[in-house]
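Dumped work.csv below, it's CSV, C-alpha atoms and all ligand atoms:
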chain,number,residue,atom,x,y,z
A,2,MET,CA,30.7,9.4,12.0
A,3,VAL,CA,28.7,6.2,12.6
A,4,PHE,CA,25.0,6.5,13.5
A,5,ASP,CA,22.5,4.0,15.0
A,6,THR,CA,20.0,4.9,12.3
A,7,LYS,CA,16.4,5.2,13.6
A,8,VAL,CA,13.6,4.1,11.2
A,9,GLY,CA,9.9,5.0,11.9
A,10,GLY,CA,6.8,6.8,10.7
A,11,TYR,CA,4.9,9.9,11.7
A,12,GLU,CA,6.0,9.5,15.4
A,13,LEU,CA,9.5,10.5,14.3
A,14,LEU,CA,8.4,13.6,12.3
A,15,ASP,CA,9.2,16.1,15.0
A,16,GLU,CA,12.7,14.6,15.6
A,17,ALA,CA,13.3,14.5,11.8
A,18,ALA,CA,12.4,18.2,11.6
A,19,ARG,CA,14.7,19.0,14.6
A,20,LEU,CA,17.6,17.1,13.0
A,21,ILE,CA,17.2,19.0,9.8
A,22,LYS,CA,17.1,22.4,11.6
A,23,GLU,CA,20.2,21.3,13.5
A,24,GLY,CA,22.1,20.7,10.2
A,25,GLU,CA,21.7,16.9,10.1
A,26,ILE,CA,20.5,14.9,7.1
A,27,VAL,CA,17.5,12.5,7.1
A,28,VAL,CA,15.7,10.3,4.6
A,29,PHE,CA,12.1,11.1,3.9
A,30,PRO,CA,9.5,9.6,1.5
A,31,THR,CA,8.1,11.4,-1.5
A,32,GLU,CA,5.6,10.2,-4.0
A,33,THR,CA,8.4,9.5,-6.6
A,34,VAL,CA,11.3,8.0,-4.7
A,35,TYR,CA,12.8,8.5,-1.2
A,36,GLY,CA,14.9,11.7,-0.7
A,37,LEU,CA,18.0,12.4,1.4
A,38,GLY,CA,17.3,15.8,2.8
A,39,ALA,CA,19.2,18.7,4.3
A,40,ASP,CA,18.3,22.4,5.1
A,41,ALA,CA,18.8,23.9,1.7
A,42,THR,CA,20.1,27.1,3.2
A,43,ASN,CA,22.8,25.4,5.3
A,44,GLU,CA,25.9,24.9,3.3
A,45,GLU,CA,27.5,22.5,5.9
A,46,ALA,CA,24.4,20.3,6.0
A,47,VAL,CA,24.3,20.1,2.2
A,48,LYS,CA,27.9,19.0,2.1
A,49,LYS,CA,27.0,16.1,4.3
A,50,ILE,CA,24.8,14.8,1.5
A,51,PHE,CA,27.6,14.8,-1.0
A,52,ALA,CA,29.8,12.9,1.4
A,53,VAL,CA,27.2,10.3,2.4
A,54,LYS,CA,26.0,9.6,-1.1
A,55,ASN,CA,29.5,9.8,-2.6
A,56,ARG,CA,28.0,12.1,-5.2
A,57,PRO,CA,30.0,14.2,-7.7
A,58,SER,CA,29.8,17.9,-6.6
A,59,ASP,CA,28.8,19.0,-10.2
A,60,ASN,CA,25.4,17.4,-9.9
A,61,PRO,CA,22.8,19.9,-8.6
A,62,PHE,CA,20.2,19.0,-5.9
A,63,ILE,CA,16.5,19.7,-6.2
A,64,VAL,CA,15.1,22.1,-3.5
A,65,HIS,CA,11.8,20.9,-2.0
A,66,VAL,CA,9.3,23.4,-0.7
A,67,PRO,CA,5.8,23.0,0.8
A,68,SER,CA,3.8,25.5,-1.4
A,69,ILE,CA,3.9,27.8,-4.4
A,70,GLU,CA,4.2,30.8,-2.0
A,71,ALA,CA,7.4,29.3,-0.4
A,72,ILE,CA,9.2,29.3,-3.8
A,73,ASP,CA,9.7,33.1,-3.5
A,74,LYS,CA,12.4,32.6,-0.8
A,75,VAL,CA,14.6,30.4,-3.1
A,76,ALA,CA,13.9,31.3,-6.8
A,77,TYR,CA,12.4,33.8,-9.2
A,78,ILE,CA,9.1,32.4,-10.2
A,79,ASN,CA,7.5,33.5,-13.6
A,80,GLU,CA,4.0,33.1,-15.0
A,81,ASP,CA,4.8,29.9,-16.9
A,82,ALA,CA,6.2,28.3,-13.7
A,83,LYS,CA,3.2,29.4,-11.7
A,84,ARG,CA,0.9,27.8,-14.2
A,85,LEU,CA,2.8,24.6,-14.2
A,86,PHE,CA,3.0,24.4,-10.4
A,87,GLU,CA,-0.7,25.1,-10.2
A,88,ALA,CA,-1.5,22.4,-12.7
A,89,PHE,CA,0.8,19.6,-11.4
A,90,SER,CA,1.9,20.4,-7.8
A,91,PRO,CA,2.1,19.0,-5.3
A,92,GLY,CA,3.3,16.3,-7.6
A,93,PRO,CA,6.1,14.7,-9.5
A,94,ILE,CA,7.5,17.8,-11.3
A,95,THR,CA,10.7,19.8,-10.8
A,96,ILE,CA,10.9,23.2,-12.4
A,97,VAL,CA,14.3,24.8,-12.9
A,98,LEU,CA,14.2,28.6,-12.3
A,99,PRO,CA,16.7,31.4,-11.7
A,100,LYS,CA,17.9,31.0,-8.1
A,101,LYS,CA,18.0,33.5,-5.3
A,102,SER,CA,21.0,34.1,-3.1
A,103,SER,CA,19.5,32.2,-0.1
A,104,VAL,CA,20.4,29.0,-1.9
A,105,PRO,CA,24.1,28.2,-1.5
A,106,GLN,CA,26.2,27.4,-4.6
A,107,SER,CA,26.9,23.9,-3.3
A,108,VAL,CA,23.2,23.0,-3.7
A,109,THR,CA,23.1,24.0,-7.3
A,110,ALA,CA,26.6,22.8,-8.3
A,111,GLY,CA,27.6,26.5,-8.9
A,112,LEU,CA,24.7,27.0,-11.4
A,113,ASP,CA,22.7,30.2,-11.1
A,114,THR,CA,19.5,28.2,-11.5
A,115,VAL,CA,17.7,25.9,-9.0
A,116,GLY,CA,15.3,23.0,-9.5
A,117,ILE,CA,12.2,23.4,-7.3
A,118,ARG,CA,9.7,20.7,-6.4
A,119,ILE,CA,6.6,20.5,-4.2
A,120,PRO,CA,6.3,16.8,-3.3
A,121,ALA,CA,2.9,15.3,-2.8
A,122,HIS,CA,3.6,12.7,-0.1
A,123,PRO,CA,1.8,14.0,3.1
A,124,MET,CA,4.8,13.0,5.2
A,125,ALA,CA,7.1,15.1,3.0
A,126,LEU,CA,4.8,18.1,3.2
A,127,GLN,CA,4.5,17.8,7.0
A,128,LEU,CA,8.2,17.6,7.3
A,129,LEU,CA,8.6,20.7,5.2
A,130,ASP,CA,6.0,22.6,7.3
A,131,LYS,CA,7.6,21.5,10.6
A,132,CYS,CA,11.2,22.4,9.7
A,133,ASN,CA,10.1,25.6,8.1
A,134,CYS,CA,13.1,25.6,5.6
A,135,PRO,CA,13.5,24.5,2.1
A,136,ILE,CA,14.9,21.0,1.9
A,137,ALA,CA,17.6,20.1,-0.7
A,138,ALA,CA,17.3,16.4,-1.5
A,139,PRO,CA,18.6,14.0,-4.1
A,140,SER,CA,17.3,10.5,-4.2
A,141,ALA,CA,18.3,8.5,-1.1
A,142,ASN,CA,20.6,6.0,-2.7
A,143,THR,CA,24.3,5.9,-2.8
A,144,SER,CA,25.6,7.4,-6.1
A,145,LYS,CA,25.0,5.3,-9.2
A,146,ARG,CA,22.6,2.9,-7.5
A,147,VAL,CA,18.9,2.4,-8.2
A,148,SER,CA,16.7,5.1,-6.4
A,149,PRO,CA,14.9,3.7,-3.4
A,150,THR,CA,11.1,3.3,-3.6
A,151,LYS,CA,10.8,1.8,-0.1
A,152,ALA,CA,12.4,2.8,3.2
A,153,CYS,CA,14.2,-0.6,3.4
A,154,TYR,CA,16.1,0.2,0.2
A,155,ALA,CA,17.3,3.6,1.6
A,156,MET,CA,18.3,1.6,4.7
A,157,GLU,CA,20.4,-0.8,2.6
A,158,ASP,CA,22.4,2.1,1.2
A,159,LEU,CA,22.5,4.5,4.1
A,160,SER,CA,22.1,2.7,7.4
A,161,GLY,CA,24.8,3.8,9.9
A,162,LYS,CA,25.6,6.8,7.8
A,163,ILE,CA,22.7,9.1,8.8
A,164,PRO,CA,20.6,9.5,12.0
A,165,LEU,CA,17.1,8.9,10.8
A,166,ILE,CA,14.9,7.4,8.1
A,167,LEU,CA,11.2,8.3,7.9
A,168,ASN,CA,9.2,5.4,6.5
A,169,GLY,CA,6.2,6.5,4.5
A,170,GLY,CA,5.6,3.2,2.7
A,171,ASP,CA,5.9,2.4,-1.0
A,172,CYS,CA,6.4,5.4,-3.3
A,173,ASP,CA,3.3,5.8,-5.5
A,174,VAL,CA,4.9,7.0,-8.7
A,175,GLY,CA,8.1,4.9,-8.5
A,176,ILE,CA,10.4,7.0,-10.8
A,177,GLU,CA,11.9,10.4,-10.2
A,178,SER,CA,10.1,13.6,-11.0
A,179,THR,CA,10.0,15.2,-14.4
A,180,VAL,CA,12.6,17.9,-14.6
A,181,ILE,CA,11.8,20.9,-16.8
A,182,SER,CA,13.9,24.0,-17.2
A,183,LEU,CA,12.2,27.3,-17.7
A,184,THR,CA,15.5,29.1,-17.9
A,185,THR,CA,16.2,28.1,-21.5
A,186,GLU,CA,14.8,30.0,-24.4
A,187,ILE,CA,12.4,27.2,-25.1
A,188,PRO,CA,11.2,25.3,-22.0
A,189,THR,CA,13.3,22.1,-22.0
A,190,ILE,CA,12.6,18.7,-20.4
A,191,LEU,CA,15.8,17.6,-18.8
A,192,ARG,CA,14.5,14.4,-17.3
A,193,PRO,CA,11.2,12.7,-18.4
A,194,GLY,CA,8.9,11.5,-15.6
A,195,ALA,CA,5.2,10.9,-14.7
A,196,ILE,CA,4.3,14.4,-15.9
A,197,THR,CA,4.8,13.8,-19.6
A,198,MET,CA,5.6,16.0,-22.6
A,199,GLU,CA,2.0,15.6,-23.7
A,200,MET,CA,0.7,16.9,-20.3
A,201,LEU,CA,3.1,19.8,-20.2
A,202,SER,CA,2.5,20.8,-23.8
A,203,LYS,CA,-1.0,21.8,-22.8
A,204,TYR,CA,0.5,24.6,-20.8
A,205,LEU,CA,3.7,25.3,-22.9
A,206,PRO,CA,3.1,25.0,-26.6
A,207,LYS,CA,6.7,26.0,-27.3
A,208,ILE,CA,8.1,23.0,-25.6
A,209,ILE,CA,7.7,21.2,-28.8
A,210,ASN,CA,10.3,22.0,-31.4
A,211,HIS,CA,9.5,23.1,-35.0
A,212,LYS,CA,9.3,19.5,-36.2
A,213,GLY,CA,6.9,18.6,-33.5
A,214,GLU,CA,9.6,16.6,-31.7
A,215,VAL,CA,10.4,16.6,-28.0
A,216,VAL,CA,13.4,18.8,-27.1
A,217,VAL,CA,15.4,16.6,-24.7
A,218,ALA,CA,18.6,18.3,-23.4
A,219,ALA,CA,21.3,16.8,-21.3
A,220,SER,CA,20.8,17.5,-17.6
A,221,PRO,CA,24.0,17.8,-15.7
A,222,GLY,CA,23.3,14.7,-13.7
A,223,MET,CA,22.6,12.6,-16.8
A,224,LYS,CA,26.2,12.0,-17.8
A,225,TYR,CA,26.8,9.6,-14.8
A,226,THR,CA,25.8,6.0,-14.8
A,227,HIS,CA,22.6,5.8,-12.9
A,228,TYR,CA,20.0,3.1,-12.0
A,229,ALA,CA,22.6,0.4,-12.5
A,230,PRO,CA,21.8,-2.9,-10.8
A,231,ILE,CA,25.0,-4.6,-9.4
A,232,VAL,CA,24.5,-7.5,-11.8
A,233,PRO,CA,24.7,-7.4,-15.6
A,234,THR,CA,21.4,-6.2,-17.1
A,235,PHE,CA,20.4,-6.5,-20.7
A,236,MET,CA,17.4,-5.1,-22.6
A,237,PHE,CA,15.7,-7.2,-25.2
A,238,HIS,CA,13.2,-6.3,-27.9
A,239,LYS,CA,12.4,-9.9,-29.1
A,240,ASN,CA,11.6,-12.9,-26.9
A,241,SER,CA,13.8,-15.0,-29.2
A,242,THR,CA,16.9,-13.0,-28.4
A,243,ALA,CA,16.1,-13.1,-24.7
A,244,GLU,CA,15.7,-16.9,-25.0
A,245,ALA,CA,19.1,-17.3,-26.6
A,246,LEU,CA,20.9,-15.1,-24.0
A,247,TYR,CA,18.9,-16.9,-21.2
A,248,LYS,CA,20.1,-20.3,-22.4
A,249,ARG,CA,23.7,-19.2,-22.8
A,250,ASN,CA,23.8,-17.9,-19.2
A,251,THR,CA,21.9,-20.7,-17.5
A,252,ASP,CA,24.1,-23.2,-19.3
A,253,LYS,CA,27.0,-21.6,-17.5
A,254,GLY,CA,25.2,-22.1,-14.2
A,255,LYS,CA,24.1,-18.5,-13.9
A,256,LYS,CA,20.7,-17.6,-12.3
A,257,VAL,CA,18.8,-15.5,-14.8
A,258,VAL,CA,15.6,-13.6,-14.4
A,259,VAL,CA,13.5,-12.0,-17.2
A,260,LEU,CA,11.4,-9.0,-16.5
A,261,VAL,CA,8.5,-8.7,-18.9
A,262,LYS,CA,5.2,-6.9,-19.4
A,263,LYS,CA,2.3,-8.9,-17.9
A,264,SER,CA,0.9,-9.6,-21.4
A,265,ASN,CA,4.3,-11.3,-22.3
A,266,LEU,CA,4.3,-13.6,-19.3
A,267,ASN,CA,2.7,-16.5,-21.1
A,268,ALA,CA,5.0,-16.3,-24.2
A,269,THR,CA,8.1,-16.4,-21.9
A,270,LYS,CA,6.7,-19.0,-19.5
A,271,ASP,CA,9.7,-21.4,-20.2
A,272,LEU,CA,12.1,-18.7,-18.9
A,273,ASN,CA,12.2,-17.6,-15.3
A,274,SER,CA,10.0,-14.5,-16.0
A,275,ILE,CA,8.5,-12.0,-13.7
A,276,SER,CA,5.8,-9.4,-14.6
A,277,MET,CA,6.7,-5.7,-14.3
A,278,GLY,CA,2.9,-4.9,-14.6
A,279,GLU,CA,1.0,-3.8,-17.7
A,280,THR,CA,0.0,-0.2,-17.5
A,281,PRO,CA,2.8,2.5,-17.6
A,282,GLN,CA,1.9,3.6,-14.1
A,283,GLU,CA,2.1,0.0,-12.8
A,284,ILE,CA,5.5,-0.5,-14.4
A,285,ALA,CA,6.8,2.8,-13.1
A,286,HIS,CA,5.6,1.9,-9.6
A,287,ASN,CA,7.3,-1.6,-9.7
A,288,ILE,CA,10.5,-1.2,-11.7
A,289,PHE,CA,13.0,0.1,-9.1
A,290,SER,CA,11.9,-2.3,-6.4
A,291,LEU,CA,12.1,-5.2,-9.0
A,292,LEU,CA,15.6,-4.2,-9.9
A,293,ARG,CA,16.6,-4.0,-6.3
A,294,GLU,CA,15.1,-7.4,-5.5
A,295,CYS,CA,16.4,-9.2,-8.6
A,296,GLU,CA,20.0,-8.0,-8.1
A,297,LYS,CA,20.0,-9.8,-4.8
A,298,GLN,CA,18.7,-13.1,-6.1
A,299,TYR,CA,20.1,-13.4,-9.6
A,300,ASP,CA,23.3,-13.2,-11.6
A,301,VAL,CA,21.9,-11.7,-14.8
A,302,ILE,CA,18.8,-9.6,-15.4
A,303,LEU,CA,17.0,-9.5,-18.8
A,304,VAL,CA,14.4,-6.8,-19.2
A,305,GLN,CA,11.9,-6.3,-22.0
A,306,ALA,CA,12.1,-3.1,-23.9
A,307,LEU,CA,9.2,-0.7,-23.5
A,308,SER,CA,7.7,1.9,-25.7
A,309,ASN,CA,9.3,5.4,-25.9
A,310,GLU,CA,6.0,7.2,-25.3
A,311,GLY,CA,4.5,8.8,-22.2
A,312,VAL,CA,5.1,7.4,-18.8
A,313,GLU,CA,6.4,4.1,-20.3
A,314,GLY,CA,8.9,6.2,-22.2
A,315,SER,CA,10.0,7.7,-18.9
A,316,VAL,CA,10.6,4.2,-17.4
A,317,MET,CA,12.5,3.3,-20.6
A,318,ASN,CA,14.8,6.3,-20.1
A,319,ARG,CA,15.8,4.7,-16.7
A,320,LEU,CA,16.1,1.2,-18.1
A,321,ILE,CA,18.4,2.2,-20.8
A,322,LYS,CA,20.7,3.5,-18.1
A,323,SER,CA,20.2,0.3,-16.0
A,324,CYS,CA,21.5,-1.7,-19.0
A,325,ARG,CA,24.4,0.7,-19.7
A,326,GLY,CA,23.3,0.5,-23.3
A,327,MET,CA,23.4,-3.3,-23.4
A,328,ILE,CA,20.4,-3.7,-25.7
A,329,ILE,CA,20.1,-7.0,-27.6
B,1,LIG,O1,11.6,12.8,-7.7
B,1,LIG,C1,12.7,13.4,-7.5
B,1,LIG,O2,13.0,14.4,-8.2
B,1,LIG,C2,13.6,12.9,-6.4
B,1,LIG,C3,12.8,13.2,-5.0
B,1,LIG,C4,13.7,12.9,-3.8
B,1,LIG,O3,12.4,14.5,-5.0
B,1,LIG,N1,14.8,13.6,-6.4
B,1,LIG,C5,15.8,13.3,-7.3
B,1,LIG,O4,17.0,14.0,-7.1
B,1,LIG,O5,15.7,12.5,-8.2
B,1,LIG,P1,18.3,13.7,-7.9
B,1,LIG,O6,19.4,14.5,-7.2
B,1,LIG,O7,18.6,12.2,-7.8
B,1,LIG,O8,18.1,14.2,-9.3
B,1,LIG,C6,18.0,15.6,-9.6
B,1,LIG,C7,18.1,15.8,-11.1
B,1,LIG,C8,19.5,15.6,-11.6
B,1,LIG,O9,19.5,15.0,-12.9
B,1,LIG,C9,20.0,17.1,-11.8
B,1,LIG,O10,20.9,17.2,-12.8
B,1,LIG,C10,18.7,17.8,-12.1
B,1,LIG,O11,17.7,17.2,-11.3
B,1,LIG,N2,18.8,19.2,-11.7
B,1,LIG,C11,18.7,19.7,-10.4
B,1,LIG,N3,18.9,21.0,-10.4
B,1,LIG,C12,19.1,21.4,-11.7
B,1,LIG,C13,19.4,22.7,-12.3
B,1,LIG,N4,19.5,23.8,-11.6
B,1,LIG,N5,19.6,22.7,-13.6
B,1,LIG,C14,19.5,21.5,-14.3
B,1,LIG,N6,19.2,20.3,-13.8
B,1,LIG,C15,19.0,20.3,-12.5
B,2,MG,MG,19.1,10.2,-8.2
Please render this file's structure as structure tokens.
Amino acid sequence: MVFDTKVGGYELLDEAARLIKEGEIVVFPTETVYGLGADATNEEAVKKIFAVKNRPSDNPFIVHVPSIEAIDKVAYINEDAKRLFEAFSPGPITIVLPKKSSVPQSVTAGLDTVGIRIPAHPMALQLLDKCNCPIAAPSANTSKRVSPTKACYAMEDLSGKIPLILNGGDCDVGIESTVISLTTEIPTILRPGAITMEMLSKYLPKIINHKGEVVVAASPGMKYTHYAPIVPTFMFHKNSTAEALYKRNTDKGKKVVVLVKKSNLNATKDLNSISMGETPQEIAHNIFSLLRECEKQYDVILVQALSNEGVEGSVMNRLIKSCRGMII
């Protein structure tokens, strides 16, 4: 089916809610990245997401709800979950809980658990209120591509394939939500994000293992290549190795860009370098849109390695995937 995809703001909210209720799928903004949403209780609608995204069917979707009260319809909520939602929601956290039967198997890839999230973007919350159903939504990119942080990037991937894209501006956070499972014996972070281990450990002391280390388990979606720009992308620790690779590629006539922390701009001024920002939040906010823009203009991307701590560590988690492990 080919659509003449509409793009607009709040004036399209009613239409977006109607489409979702009718079993269509639409793009909507969240504070993390844009989502491609369907009525989570409508199996046929959910299947459309798999088809449009070209997503493997063993990768479960997050179910978005407007409030803590609304969780009751889709999952069994416990005391720990309640405390975490109260502390961090609406916001960039997804909590995996035992699912209720209202959620079809296709949403959760056959798992008996479901990831629940209350997004903070006002447009997402209004959409959830208006359609009065939970919304299953992965990020609004085609499978394997960088998650969209602006409506125009969702448009690049999905134009003509869906009826409507709600434009809510730039996503504040810029990387996907932290995913934490409360269905494991010890609460387990499946995907790091803006809500960090340090923040969570105030509410869940057991999240830290006996050595005081972070327990990071493999989330089902993690085995696929994600966040991969369409041009070769390398991560570097030292400017000198970046310089060598830069020279080798420019000598071959390739257009190369170097993404660095703002404080490293001066030291790399002889290279074609662009600042990712300086604070972890700035870098998270900018990174996906930088990757999207750079892959259009350059043949090779070199990106400076970040620290493995806190929000910067969460960005690093994405960048390692962008580089497919090509770390120099
Ligand atoms: O910020 C976000 O979370 C965005 C916005 C749109 O809400 N959504 C997003 O969805 O990033 P997606 O589908 O790209 O990533 C969902 C992640 C996957 O890694 C998946 O494996 C994990 O959440 N996940 C979802 N349900 C799960 C479950 N029941 N058990 C374990 N992991 C789950
Ligand atoms: Mg995704």
**OP:** Name the closest residue to Ala285 (chain A) among the candidates A:Arg319, A:Lys297, A:Lys151, A:Arg325; distances are taken between atoms, counting only C-alpha atoms.
**Re:**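 So, comparing all the options, the nearest one is A:Arg319.
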Subject >> Shell of 9 Å around region 159-172 of chain A, only C-alpha atoms, local chain residues under 6 positions omitted, as a ChimeraX atom specification >> reply: /A:2-11,13-14,16-17,20,25-35,37,53-54,122-125,141-143,149-153,286
Subject >> One-decimal distance in Å that lies between CA of Ile21 (chain A) and CA of Ile63 (chain A) >> reply: 16.0 Å
Original post:
So which residues touch Asn133 (chain A) within 9 Å, counting all atoms listed in the file, skipping near sequence neighbours fewer than 2 positions away, as a list of chain:residue names?
Top reply: A:Ala18, A:Lys22, A:Pro67, A:Leu128, A:Leu129, A:Asp130, A:Lys131, A:Pro135
Original post:
Between atom O9 of ligand LIG 1 (chain B) and CA of Asp81 (chain A), what is the spacing in Å?
Top reply: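 Between these atoms lies a distance of 21.3 Å.
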Subject >> Who sits within 6 Å of region 89-102 of chain A, all atoms listed in the file, same chain under 5 positions skipped, as a ChimeraX atom specification >> reply: /A:75-77,113-121,178-184
Would you output that residue set with C-alpha atoms, as a PDB file, keeping the file's coordinate frame?
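Output file again.pdb follows:
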ATOM      1  CA  VAL A  75      14.600  30.400  -3.100  1.00  0.00           C
ATOM      2  CA  ALA A  76      13.900  31.300  -6.800  1.00  0.00           C
ATOM      3  CA  TYR A  77      12.400  33.800  -9.200  1.00  0.00           C
ATOM      4  CA  ASP A 113      22.700  30.200 -11.100  1.00  0.00           C
ATOM      5  CA  THR A 114      19.500  28.200 -11.500  1.00  0.00           C
ATOM      6  CA  VAL A 115      17.700  25.900  -9.000  1.00  0.00           C
ATOM      7  CA  GLY A 116      15.300  23.000  -9.500  1.00  0.00           C
ATOM      8  CA  ILE A 117      12.200  23.400  -7.300  1.00  0.00           C
ATOM      9  CA  ARG A 118       9.700  20.700  -6.400  1.00  0.00           C
ATOM     10  CA  ILE A 119       6.600  20.500  -4.200  1.00  0.00           C
ATOM     11  CA  PRO A 120       6.300  16.800  -3.300  1.00  0.00           C
ATOM     12  CA  ALA A 121       2.900  15.300  -2.800  1.00  0.00           C
ATOM     13  CA  SER A 178      10.100  13.600 -11.000  1.00  0.00           C
ATOM     14  CA  THR A 179      10.000  15.200 -14.400  1.00  0.00           C
ATOM     15  CA  VAL A 180      12.600  17.900 -14.600  1.00  0.00           C
ATOM     16  CA  ILE A 181      11.800  20.900 -16.800  1.00  0.00           C
ATOM     17  CA  SER A 182      13.900  24.000 -17.200  1.00  0.00           C
ATOM     18  CA  LEU A 183      12.200  27.300 -17.700  1.00  0.00           C
ATOM     19  CA  THR A 184      15.500  29.100 -17.900  1.00  0.00           C
TER      20      THR A 184
END
**OP:** Around ligand MG 2 (chain B), at most 6 Å away and counting only C-alpha atoms and all ligand atoms, which residues are there? Put them as a ChimeraX atom specification, please.
**Re:** /A:139-140,148
Can you tell me, as a PDB file with C-alpha atoms, in the coordinates of the input, which residues sit within 12 Å of (26.9, 24.0, 6.3) in the file's frame, using all atoms listed in the file?
ATOM      1  CA  ILE A  21      17.200  19.000   9.800  1.00  0.00           C
ATOM      2  CA  LYS A  22      17.100  22.400  11.600  1.00  0.00           C
ATOM      3  CA  GLU A  23      20.200  21.300  13.500  1.00  0.00           C
ATOM      4  CA  GLY A  24      22.100  20.700  10.200  1.00  0.00           C
ATOM      5  CA  GLU A  25      21.700  16.900  10.100  1.00  0.00           C
ATOM      6  CA  ILE A  26      20.500  14.900   7.100  1.00  0.00           C
ATOM      7  CA  ALA A  39      19.200  18.700   4.300  1.00  0.00           C
ATOM      8  CA  ASP A  40      18.300  22.400   5.100  1.00  0.00           C
ATOM      9  CA  ALA A  41      18.800  23.900   1.700  1.00  0.00           C
ATOM     10  CA  THR A  42      20.100  27.100   3.200  1.00  0.00           C
ATOM     11  CA  ASN A  43      22.800  25.400   5.300  1.00  0.00           C
ATOM     12  CA  GLU A  44      25.900  24.900   3.300  1.00  0.00           C
ATOM     13  CA  GLU A  45      27.500  22.500   5.900  1.00  0.00           C
ATOM     14  CA  ALA A  46      24.400  20.300   6.000  1.00  0.00           C
ATOM     15  CA  VAL A  47      24.300  20.100   2.200  1.00  0.00           C
ATOM     16  CA  LYS A  48      27.900  19.000   2.100  1.00  0.00           C
ATOM     17  CA  LYS A  49      27.000  16.100   4.300  1.00  0.00           C
ATOM     18  CA  ILE A  50      24.800  14.800   1.500  1.00  0.00           C
ATOM     19  CA  PHE A  51      27.600  14.800  -1.000  1.00  0.00           C
ATOM     20  CA  VAL A 104      20.400  29.000  -1.900  1.00  0.00           C
ATOM     21  CA  PRO A 105      24.100  28.200  -1.500  1.00  0.00           C
ATOM     22  CA  GLN A 106      26.200  27.400  -4.600  1.00  0.00           C
ATOM     23  CA  SER A 107      26.900  23.900  -3.300  1.00  0.00           C
ATOM     24  CA  VAL A 108      23.200  23.000  -3.700  1.00  0.00           C
TER      25      VAL A 108
END
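Computed from the coordinates, the CA of Val261 (chain A) to CA of Ile284 (chain A) distance equals 9.8 Å.
Minimum distance to Phe235 (chain A) across A:Leu126, A:Ala155, A:Met327, A:Val66 (counting only C-alpha atoms) occurs at A:Met327.
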**OP:** Find the residue from A:Cys134, A:Cys295, A:Ile288, A:Met236 that sits nearest to Gly38 (chain A); use only C-alpha atoms when measuring.
**Re:** A:Cys134
Return region 176-188 of chain A, completed with N, CA and C atoms, as an mmCIF file, keeping the file's coordinate frame.
data_model
loop_
_atom_site.group_PDB
_atom_site.id
_atom_site.type_symbol
_atom_site.label_atom_id
_atom_site.label_comp_id
_atom_site.auth_asym_id
_atom_site.auth_seq_id
_atom_site.Cartn_x
_atom_site.Cartn_y
_atom_site.Cartn_z
ATOM 1 N N ILE A 176 9.198 6.407 -10.118
ATOM 2 C CA ILE A 176 10.400 7.000 -10.800
ATOM 3 C C ILE A 176 10.469 8.441 -10.452
ATOM 4 N N GLU A 177 11.658 9.014 -10.614
ATOM 5 C CA GLU A 177 11.900 10.400 -10.200
ATOM 6 C C GLU A 177 11.074 11.384 -10.983
ATOM 7 N N SER A 178 10.969 12.580 -10.394
ATOM 8 C CA SER A 178 10.100 13.600 -11.000
ATOM 9 C C SER A 178 10.621 14.026 -12.396
ATOM 10 N N THR A 179 9.678 14.497 -13.181
ATOM 11 C CA THR A 179 10.000 15.200 -14.400
ATOM 12 C C THR A 179 10.765 16.434 -14.108
ATOM 13 N N VAL A 180 11.897 16.675 -14.783
ATOM 14 C CA VAL A 180 12.600 17.900 -14.600
ATOM 15 C C VAL A 180 12.469 18.775 -15.851
ATOM 16 N N ILE A 181 11.931 19.981 -15.694
ATOM 17 C CA ILE A 181 11.800 20.900 -16.800
ATOM 18 C C ILE A 181 12.445 22.220 -16.532
ATOM 19 N N SER A 182 13.267 22.695 -17.435
ATOM 20 C CA SER A 182 13.900 24.000 -17.200
ATOM 21 C C SER A 182 13.108 25.083 -17.918
ATOM 22 N N LEU A 183 12.811 26.131 -17.151
ATOM 23 C CA LEU A 183 12.200 27.300 -17.700
ATOM 24 C C LEU A 183 13.214 28.439 -17.844
ATOM 25 N N THR A 184 14.472 28.086 -17.761
ATOM 26 C CA THR A 184 15.500 29.100 -17.900
ATOM 27 C C THR A 184 16.143 29.107 -19.262
ATOM 28 N N THR A 185 15.682 28.202 -20.104
ATOM 29 C CA THR A 185 16.200 28.100 -21.500
ATOM 30 C C THR A 185 15.202 28.896 -22.371
ATOM 31 N N GLU A 186 15.634 29.243 -23.576
ATOM 32 C CA GLU A 186 14.800 30.000 -24.400
ATOM 33 C C GLU A 186 13.445 29.300 -24.696
ATOM 34 N N ILE A 187 13.554 28.031 -25.011
ATOM 35 C CA ILE A 187 12.400 27.200 -25.100
ATOM 36 C C ILE A 187 12.369 26.256 -23.917
ATOM 37 N N PRO A 188 11.224 26.179 -23.191
ATOM 38 C CA PRO A 188 11.200 25.300 -22.000
ATOM 39 C C PRO A 188 11.675 23.888 -22.424
#
